[in-house]
Amino acid sequence: MLDQVVQLKCGVKHDPWGKQGKESLAGNLWAKTPGSSGVSDNERYSEMWMGTYPTVPARLLCTGETLDTYLKRKPELVGLDVRKRFTNGLPFLPKVLSFDKALPLQVHPDKRLAEKLNLQDPENFGDANHKPEIAVALSEFELFAGFKPLKDIEALMSLAPLKQLIPSNASANFDDELLRNICLKFLQLEPDVVSSTVKGLLSLPTEEFKTKNHEYVPGLLDRIAKQYSPSDNGALVAVLLMNYMVLQPGDAVCVPADSIHAYLKGDILECMARSDNVLATGFCPRPDRHNAELFSRALSFKPHNIDQATLPSKKSSKGEMGKTVEYAPPFSEFNVLATRLKSGEEERHRAIEGPSILVVTSGNGEMVVQENKLDLHEGAVYFVGAGVGLEISSREGVEVFRPYAESE
């Protein structure tokens, strides 16, 4: 057995917003691991986790040992520089998500707040790390990410049903601090006020939204009200204050720590710093919501338009044959490689001086590691240790993602 490259058996979650049965890419990929129990049409499959986080740990397919335990036994596979920079071995957590209903409206605490919450409430905030993340679309991907430009929000707040919701002590200038107060006001509204506000907005002539370049607002409000409730505070925050985006396969979004977001529909490859801390205040049962004042205090105001939220890919020097692109977010825990090959094509990945996880999201092929041939089929997941070069070939077309960490 190769010590440096091992196939993984990943865990899967069944959140109520996940896609049903075979409609779920996360479920289908998980089910194609040897030994899997298969996908049930009666279950929802929301997330396949591929890392070392203890909530849903990946395990070595050959032995059942957790990847975390394996790397503690063989720390050289993480790489010396990465071990010096990060104390928890694998510093990132990759996932495949599939959802046809809005995920909770949320932010992930930055390091300072995460440390404080972990100390105060370790049961709900299980680590002291921040959780910046990226999401790469594997199908059409609808989401809310960051805030709209202030001028757009100011225009929407001039609509009759919303004027009364501007805080009475608001400054004359429409700035980020006023936006924070509006967001808090929306989150603290009583259910009947939320319902009447949504009803009032839906009763407005379409032209009132068109003149403000937000003709999609009524349709989205109605859609989310049917998914959850006309009284869900999250609908007002997401639809009125946040950037609504529709990404196509290969497009990506970057969500810094403390950046507001809510994913709406699609299948994505998601990668984040190794953390599972979340503050949620909408699109979830009221007993599960966190304190609105804490949520509003945690907010950053980046991104503040759609362009700032997107994460373009670029050709990667890690791919020797030019068929690999890279998603490089502005934080240090990871980058993500994407290799897409047509039938019969090949690519070579240079050795990376840090750990990586490789997942096949579609198609099939073969991977050669030190003259050892490994099968690449849809759903196959491998841990790749530091300093290992790979040769990837396609049989009928293949798409491979590879999050990795490396020295700065």
# chains A, B, ... in the order shown; residues from 1 in each chain; ligands from 1

$ select_by_dssp --residues "range 248-388 of chain A" --states "alpha helix (DSSP H)" --output "PyMOL selection string"
chain A and resi 292-298+306-309

$ select_by_dssp --residues "range 22-51 of chain A" --states "strand (DSSP E or B)" --output "MDAnalysis selection string"
chainID A and resid 44:45 47:49

$ closest_residue --among "A:Lys13, A:Lys19, A:Arg83, A:Lys199" --to "Asp267 in chain A" --atoms "only C-alpha atoms"
A:Lys19

$ residues_around --residues "Thr339 in chain A" --least-positions-apart "5" --cutoff "10 Å" --atoms "only C-alpha atoms" --output "ChimeraX atom specification"
/A:316,319,322-326,346-349,360,392,398-402

$ write_last_selection --atoms "C-alpha atoms" --output "mmCIF file, in the first residue's frame"
data_model
loop_
_atom_site.group_PDB
_atom_site.id
_atom_site.type_symbol
_atom_site.label_atom_id
_atom_site.label_comp_id
_atom_site.auth_asym_id
_atom_site.auth_seq_id
_atom_site.Cartn_x
_atom_site.Cartn_y
_atom_site.Cartn_z
ATOM 1 C CA SER A 316 -2.073 26.968 -12.329
ATOM 2 C CA GLY A 319 -0.484 21.554 -13.829
ATOM 3 C CA GLY A 322 -1.850 23.436 -18.873
ATOM 4 C CA LYS A 323 -5.151 21.716 -18.088
ATOM 5 C CA THR A 324 -5.408 22.773 -14.437
ATOM 6 C CA VAL A 325 -6.838 25.992 -13.004
ATOM 7 C CA GLU A 326 -6.547 27.282 -9.466
ATOM 8 C CA GLU A 346 -3.702 13.724 -19.638
ATOM 9 C CA GLU A 347 -2.352 16.106 -16.991
ATOM 10 C CA ARG A 348 0.555 15.999 -14.550
ATOM 11 C CA HIS A 349 0.442 17.704 -11.166
ATOM 12 C CA VAL A 360 -13.511 13.073 -8.638
ATOM 13 C CA ILE A 392 -3.892 11.957 -14.274
ATOM 14 C CA VAL A 398 -13.000 13.467 -15.909
ATOM 15 C CA GLU A 399 -13.282 16.400 -13.465
ATOM 16 C CA VAL A 400 -11.010 16.428 -10.427
ATOM 17 C CA PHE A 401 -10.786 18.977 -7.592
ATOM 18 C CA ARG A 402 -7.807 19.101 -5.263
#

$ atom_distance --atom1 "CA of Leu390 in chain A" --atom2 "CA of Tyr327 in chain A"
19.0 Å
